[in-house]
$ cat my_file17.pdb   # PDB, C-alpha atoms and all ligand atoms
MODEL        1
ATOM      1  CA  MET A 222     -27.851  22.372 -25.792
ATOM      2  CA  SER A 223     -24.158  22.820 -26.488
ATOM      3  CA  GLY A 224     -21.986  25.220 -24.563
ATOM      4  CA  LYS A 225     -19.806  28.107 -25.592
ATOM      5  CA  ILE A 226     -16.469  27.029 -24.114
ATOM      6  CA  THR A 227     -13.769  24.608 -25.174
ATOM      7  CA  PHE A 228     -10.198  24.007 -24.030
ATOM      8  CA  THR A 229      -7.191  23.481 -26.302
ATOM      9  CA  MET A 230      -3.489  22.807 -26.098
ATOM     10  CA  ILE A 231      -0.962  23.425 -28.865
ATOM     11  CA  LYS A 232       1.109  20.306 -28.195
ATOM     12  CA  PRO A 233       4.926  20.063 -27.843
ATOM     13  CA  ASP A 234       5.429  18.987 -31.489
ATOM     14  CA  ALA A 235       3.685  22.049 -32.934
ATOM     15  CA  VAL A 236       5.376  24.426 -30.466
ATOM     16  CA  ALA A 237       8.805  22.933 -31.316
ATOM     17  CA  ASP A 238       8.014  23.138 -35.042
ATOM     18  CA  GLY A 239       7.252  26.882 -34.768
ATOM     19  CA  HIS A 240       3.518  26.734 -35.457
ATOM     20  CA  ILE A 241       2.088  28.679 -32.469
ATOM     21  CA  GLY A 242       1.340  31.822 -34.459
ATOM     22  CA  ALA A 243      -0.149  30.027 -37.454
ATOM     23  CA  ILE A 244      -2.385  27.841 -35.267
ATOM     24  CA  LEU A 245      -3.647  30.775 -33.167
ATOM     25  CA  GLY A 246      -4.351  32.563 -36.466
ATOM     26  CA  LYS A 247      -6.476  29.667 -37.753
ATOM     27  CA  ILE A 248      -8.345  29.556 -34.427
ATOM     28  CA  SER A 249      -9.114  33.296 -34.556
ATOM     29  CA  GLU A 250     -10.115  33.197 -38.246
ATOM     30  CA  ALA A 251     -12.577  30.416 -37.390
ATOM     31  CA  GLY A 252     -14.386  32.745 -34.989
ATOM     32  CA  PHE A 253     -13.113  31.549 -31.602
ATOM     33  CA  LYS A 254     -12.447  34.200 -28.942
ATOM     34  CA  ILE A 255      -9.492  33.648 -26.616
ATOM     35  CA  LYS A 256     -10.644  33.670 -22.959
ATOM     36  CA  ALA A 257      -7.349  32.416 -21.442
ATOM     37  CA  LEU A 258      -3.877  31.774 -22.904
ATOM     38  CA  LYS A 259      -0.431  30.733 -21.678
ATOM     39  CA  LEU A 260       2.845  29.042 -22.591
ATOM     40  CA  THR A 261       3.530  26.343 -20.004
ATOM     41  CA  GLN A 262       4.835  22.785 -19.617
ATOM     42  CA  LEU A 263       3.053  19.760 -18.187
ATOM     43  CA  THR A 264       4.840  17.730 -15.537
ATOM     44  CA  VAL A 265       4.733  13.940 -15.934
ATOM     45  CA  ALA A 266       2.092  13.885 -13.160
ATOM     46  CA  ASP A 267       0.012  16.558 -14.968
ATOM     47  CA  ALA A 268       0.113  14.567 -18.232
ATOM     48  CA  GLN A 269      -0.793  11.313 -16.430
ATOM     49  CA  LYS A 270      -3.776  13.006 -14.829
ATOM     50  CA  PHE A 271      -4.885  14.831 -17.995
ATOM     51  CA  TYR A 272      -4.893  11.587 -20.023
ATOM     52  CA  GLU A 273      -5.961   9.199 -17.224
ATOM     53  CA  VAL A 274      -8.932   7.960 -19.317
ATOM     54  CA  HIS A 275      -6.279   6.358 -21.567
ATOM     55  CA  ALA A 276      -4.286   4.775 -18.689
ATOM     56  CA  GLU A 277      -4.993   1.216 -19.864
ATOM     57  CA  ARG A 278      -4.216   1.926 -23.532
ATOM     58  CA  PRO A 279      -0.924   0.661 -25.020
ATOM     59  CA  PHE A 280       0.122   4.174 -26.096
ATOM     60  CA  TYR A 281      -0.351   5.768 -22.640
ATOM     61  CA  GLY A 282       3.331   5.757 -21.614
ATOM     62  CA  GLU A 283       4.500   7.363 -24.843
ATOM     63  CA  LEU A 284       1.610   9.832 -24.751
ATOM     64  CA  VAL A 285       2.515  10.987 -21.230
ATOM     65  CA  GLU A 286       6.209  11.212 -22.136
ATOM     66  CA  PHE A 287       5.433  13.234 -25.270
ATOM     67  CA  MET A 288       2.955  15.615 -23.637
ATOM     68  CA  SER A 289       5.432  16.449 -20.842
ATOM     69  CA  SER A 290       8.464  16.688 -23.175
ATOM     70  CA  GLY A 291       8.392  20.427 -23.845
ATOM     71  CA  PRO A 292       6.366  23.623 -23.736
ATOM     72  CA  ILE A 293       2.728  23.746 -24.772
ATOM     73  CA  VAL A 294       0.236  26.561 -25.274
ATOM     74  CA  ALA A 295      -2.936  26.147 -23.202
ATOM     75  CA  ALA A 296      -6.046  28.154 -24.070
ATOM     76  CA  VAL A 297      -9.729  28.516 -23.267
ATOM     77  CA  LEU A 298     -11.830  29.400 -26.316
ATOM     78  CA  GLU A 299     -15.362  30.760 -26.687
ATOM     79  CA  LYS A 300     -17.778  30.306 -29.590
ATOM     80  CA  ASP A 301     -21.308  28.961 -30.051
ATOM     81  CA  ASN A 302     -21.098  25.148 -30.286
ATOM     82  CA  ALA A 303     -17.431  25.435 -29.276
ATOM     83  CA  VAL A 304     -16.584  21.772 -28.572
ATOM     84  CA  ALA A 305     -17.914  20.326 -31.827
ATOM     85  CA  ASP A 306     -16.841  23.241 -34.027
ATOM     86  CA  PHE A 307     -13.315  23.148 -32.633
ATOM     87  CA  ARG A 308     -12.986  19.397 -33.251
ATOM     88  CA  THR A 309     -14.101  20.021 -36.847
ATOM     89  CA  LEU A 310     -11.440  22.735 -37.178
ATOM     90  CA  ILE A 311      -8.620  20.491 -35.880
ATOM     91  CA  GLY A 312      -9.601  17.372 -37.877
ATOM     92  CA  ALA A 313      -9.230  13.659 -37.205
ATOM     93  CA  THR A 314      -6.925  12.355 -34.429
ATOM     94  CA  ASN A 315      -4.744  10.742 -37.120
ATOM     95  CA  PRO A 316      -3.523  13.568 -39.404
ATOM     96  CA  ALA A 317      -3.331  11.100 -42.302
ATOM     97  CA  GLU A 318      -7.144  10.869 -42.054
ATOM     98  CA  ALA A 319      -7.753  14.587 -41.397
ATOM     99  CA  GLU A 320      -9.545  16.771 -43.975
ATOM    100  CA  GLU A 321      -7.579  19.269 -46.072
ATOM    101  CA  GLY A 322      -7.362  22.642 -44.353
ATOM    102  CA  THR A 323      -7.698  21.276 -40.816
ATOM    103  CA  ILE A 324      -5.074  22.182 -38.235
ATOM    104  CA  ARG A 325      -3.901  18.585 -37.823
ATOM    105  CA  LYS A 326      -3.674  18.059 -41.592
ATOM    106  CA  MET A 327      -1.526  21.180 -41.860
ATOM    107  CA  PHE A 328       0.662  20.934 -38.754
ATOM    108  CA  ALA A 329       0.607  17.492 -37.046
ATOM    109  CA  ARG A 330       3.521  15.063 -37.274
ATOM    110  CA  SER A 331       1.635  11.801 -36.589
ATOM    111  CA  VAL A 332      -1.266  10.249 -34.621
ATOM    112  CA  GLY A 333       0.845  10.333 -31.455
ATOM    113  CA  GLU A 334       2.178  13.867 -32.047
ATOM    114  CA  ASN A 335      -0.901  15.507 -33.479
ATOM    115  CA  ALA A 336      -0.307  19.234 -32.909
ATOM    116  CA  VAL A 337      -3.436  20.178 -30.950
ATOM    117  CA  HIS A 338      -5.901  18.979 -28.343
ATOM    118  CA  GLY A 339      -9.601  19.793 -28.283
ATOM    119  CA  SER A 340     -12.019  18.923 -25.466
ATOM    120  CA  ASP A 341     -14.469  16.127 -26.298
ATOM    121  CA  SER A 342     -17.479  17.366 -24.248
ATOM    122  CA  ASP A 343     -18.786  20.490 -22.522
ATOM    123  CA  GLU A 344     -18.199  18.835 -19.162
ATOM    124  CA  ASN A 345     -14.567  18.009 -19.975
ATOM    125  CA  ALA A 346     -13.992  21.505 -21.396
ATOM    126  CA  LEU A 347     -14.772  22.997 -17.973
ATOM    127  CA  ILE A 348     -12.714  20.379 -16.108
ATOM    128  CA  GLU A 349      -9.726  20.944 -18.424
ATOM    129  CA  ALA A 350      -9.987  24.754 -18.309
ATOM    130  CA  ASN A 351     -10.006  24.662 -14.503
ATOM    131  CA  PHE A 352      -7.118  22.167 -14.458
ATOM    132  CA  HIS A 353      -4.884  24.654 -16.332
ATOM    133  CA  PHE A 354      -6.138  28.101 -15.285
ATOM    134  CA  SER A 355      -7.165  29.851 -12.088
ATOM    135  CA  GLY A 356     -10.340  31.950 -12.065
ATOM    136  CA  ARG A 357      -8.368  35.198 -12.416
ATOM    137  CA  GLU A 358      -6.638  33.903 -15.576
ATOM    138  CA  ILE A 359      -9.920  33.305 -17.454
ATOM    139  CA  PHE A 360     -11.482  36.456 -18.944
TER     140      PHE A 360
HETATM  141  P1  LIG B   1      -6.664  14.666 -27.847
HETATM  142  O1  LIG B   1      -7.161  15.994 -28.299
HETATM  143  O2  LIG B   1      -5.199  14.686 -27.555
HETATM  144  O3  LIG B   1      -7.480  14.109 -26.709
HETATM  145  O4  LIG B   1      -6.857  13.718 -29.118
HETATM  146  P2  LIG B   1      -8.218  13.100 -29.657
HETATM  147  O5  LIG B   1      -9.331  13.391 -28.735
HETATM  148  O6  LIG B   1      -8.401  13.492 -31.085
HETATM  149  O7  LIG B   1      -7.898  11.562 -29.659
HETATM  150  P3  LIG B   1      -7.796  10.588 -28.427
HETATM  151  B1  LIG B   1      -8.402   9.196 -28.787
HETATM  152  O8  LIG B   1      -8.386  11.219 -27.197
HETATM  153  O9  LIG B   1      -6.251  10.429 -28.278
HETATM  154  C1  LIG B   1      -5.554  10.921 -27.151
HETATM  155  C2  LIG B   1      -4.080  10.969 -27.477
HETATM  156  O10 LIG B   1      -3.601   9.662 -27.700
HETATM  157  C3  LIG B   1      -2.896   9.625 -28.908
HETATM  158  N1  LIG B   1      -3.132   8.335 -29.559
HETATM  159  C4  LIG B   1      -4.407   7.935 -29.774
HETATM  160  C5  LIG B   1      -2.054   7.577 -29.948
HETATM  161  O11 LIG B   1      -0.899   7.966 -29.737
HETATM  162  N2  LIG B   1      -2.283   6.389 -30.569
HETATM  163  C6  LIG B   1      -3.554   5.945 -30.822
HETATM  164  O12 LIG B   1      -3.722   4.860 -31.382
HETATM  165  C7  LIG B   1      -4.671   6.747 -30.413
HETATM  166  C8  LIG B   1      -6.095   6.308 -30.638
HETATM  167  C9  LIG B   1      -3.410  10.747 -29.739
HETATM  168  C10 LIG B   1      -3.750  11.781 -28.724
HETATM  169  N3  LIG B   1      -2.629  12.609 -28.486
HETATM  170  N4  LIG B   1      -1.677  13.094 -28.569
HETATM  171  N5  LIG B   1      -0.717  13.725 -28.440
HETATM  172 MG    MG B   2      -9.335  13.178 -26.648
ENDMDL
END

$ encode --input "my_file17.pdb" --output "C-alpha cells"
Amino acid sequence: MSGKITFTMIKPDAVADGHIGAILGKISEAGFKIKALKLTQLTVADAQKFYEVHAERPFYGELVEFMSSGPIVAAVLEKDNAVADFRTLIGATNPAEAEEGTIRKMFARSVGENAVHGSDSDENALIEANFHFSGREIF
C-alpha cells in the first residue's frame, strides 16, 4: 500500500535560476495537490540533519553547503502513489540521465545541484514534512 503524501524542496539552484513558478506549474499539471508551501532557507545544521544518511559520502560537505546556500521552496504534496509518482516526475538524480520532460532534465544544473528533492519512502515523506512544517501549516 502506498501513501498519498510526499515532501519536496525546490533547491537553491532552481530558486536562484528563477524556476519556482515553472516547477510548481509542472507539479500541479501532474495532479499533485499542495498541502503546505513556503519559501525558507536551511541552516547548515538543518541541511546536515536532513542529509545525515549521506554523512559518510564524499559529497556530503558540498551537499550541505549547497543546500544551505540560499532560499528553497518546501512543500507537502498529495496524490495517490505520491512518493513514486513524484520521483518519476522529477527524473533521475543526475539530470544528464533524466528522461525528457522531467523536472530535473528541464531545470537542474548538475547531479549536485539538481533542482528538486523528492522523498524516497512514505515513512521519510512524513518525517520530512514534519521537519519543515508545523501541524497548523499543513492543510
Ligand atoms: P534528493 O532528492 O536530494 O535526496 O536526491 P535523490 O534522492 O535523487 O538522490 P540521492 B542519492 O539521495 O542524493 C542526495 C543528494 O546528493 C547529491 N549527490 C548524490 C551528489 O552530489 N553526488 C553524487 O554522486 C550523488 C549520488 C544529489 C542530491 N542532492 N542535491 N542537491
Ligand atoms: Mg534522496

$ residues_near_ligand --input "my_file17.pdb" --ligand "ligand LIG 1 (chain B)" --cutoff "7 Å" --atoms "all atoms listed in the file" --output "PDB file with C-alpha atoms, in the coordinates of the input"
ATOM      1  CA  LYS A 232       1.109  20.306 -28.195  1.00  0.00           C
ATOM      2  CA  PHE A 280       0.122   4.174 -26.096  1.00  0.00           C
ATOM      3  CA  LEU A 284       1.610   9.832 -24.751  1.00  0.00           C
ATOM      4  CA  PHE A 287       5.433  13.234 -25.270  1.00  0.00           C
ATOM      5  CA  MET A 288       2.955  15.615 -23.637  1.00  0.00           C
ATOM      6  CA  ALA A 313      -9.230  13.659 -37.205  1.00  0.00           C
ATOM      7  CA  THR A 314      -6.925  12.355 -34.429  1.00  0.00           C
ATOM      8  CA  VAL A 332      -1.266  10.249 -34.621  1.00  0.00           C
ATOM      9  CA  GLY A 333       0.845  10.333 -31.455  1.00  0.00           C
ATOM     10  CA  GLU A 334       2.178  13.867 -32.047  1.00  0.00           C
ATOM     11  CA  ASN A 335      -0.901  15.507 -33.479  1.00  0.00           C
ATOM     12  CA  VAL A 337      -3.436  20.178 -30.950  1.00  0.00           C
ATOM     13  CA  HIS A 338      -5.901  18.979 -28.343  1.00  0.00           C
ATOM     14  CA  GLY A 339      -9.601  19.793 -28.283  1.00  0.00           C
ATOM     15  CA  SER A 340     -12.019  18.923 -25.466  1.00  0.00           C
ATOM     16  CA  ASP A 341     -14.469  16.127 -26.298  1.00  0.00           C
TER      17      ASP A 341
END

$ atom_distance --input "my_file17.pdb" --atom1 "atom CA of A:Val265" --atom2 "atom CA of A:Val285"
6.5 Å

$ residues_around --input "my_file17.pdb" --residues "A:Pro316" --least-positions-apart "6" --cutoff "9 Å" --atoms "only C-alpha atoms" --output "PyMOL selection string"
chain A and resi 323-332+335

$ atom_distance --input "my_file17.pdb" --atom1 "atom CA of A:Leu310" --atom2 "atom CA of A:Phe253"
10.6 Å

$ resolve_selection --input "my_file17.pdb" --expression "the PyMOL selection byres (((chain A and resi 360) around 12) and not hetatm)" --output "PDB file with C-alpha atoms, in the coordinates of the input"
ATOM      1  CA  ILE A 226     -16.469  27.029 -24.114  1.00  0.00           C
ATOM      2  CA  LYS A 254     -12.447  34.200 -28.942  1.00  0.00           C
ATOM      3  CA  ILE A 255      -9.492  33.648 -26.616  1.00  0.00           C
ATOM      4  CA  LYS A 256     -10.644  33.670 -22.959  1.00  0.00           C
ATOM      5  CA  ALA A 257      -7.349  32.416 -21.442  1.00  0.00           C
ATOM      6  CA  LEU A 258      -3.877  31.774 -22.904  1.00  0.00           C
ATOM      7  CA  ALA A 296      -6.046  28.154 -24.070  1.00  0.00           C
ATOM      8  CA  VAL A 297      -9.729  28.516 -23.267  1.00  0.00           C
ATOM      9  CA  LEU A 298     -11.830  29.400 -26.316  1.00  0.00           C
ATOM     10  CA  GLU A 299     -15.362  30.760 -26.687  1.00  0.00           C
ATOM     11  CA  ALA A 350      -9.987  24.754 -18.309  1.00  0.00           C
ATOM     12  CA  PHE A 354      -6.138  28.101 -15.285  1.00  0.00           C
ATOM     13  CA  SER A 355      -7.165  29.851 -12.088  1.00  0.00           C
ATOM     14  CA  GLY A 356     -10.340  31.950 -12.065  1.00  0.00           C
ATOM     15  CA  ARG A 357      -8.368  35.198 -12.416  1.00  0.00           C
ATOM     16  CA  GLU A 358      -6.638  33.903 -15.576  1.00  0.00           C
ATOM     17  CA  ILE A 359      -9.920  33.305 -17.454  1.00  0.00           C
TER      18      ILE A 359
END

$ closest_residue --input "my_file17.pdb" --among "A:Gln262, A:Ser289, A:Ser223, A:Thr229" --to "ligand MG 2 (chain B)" --atoms "only C-alpha atoms and all ligand atoms"
A:Thr229

$ atom_distance --input "my_file17.pdb" --atom1 "atom CA of A:Ala303" --atom2 "atom CA of A:Asp238"
26.2 Å

$ closest_residue --input "my_file17.pdb" --among "A:Ala317, A:Val274, A:Ala295, A:Ala266" --to "ligand MG 2 (chain B)" --atoms "only C-alpha atoms and all ligand atoms"
A:Val274
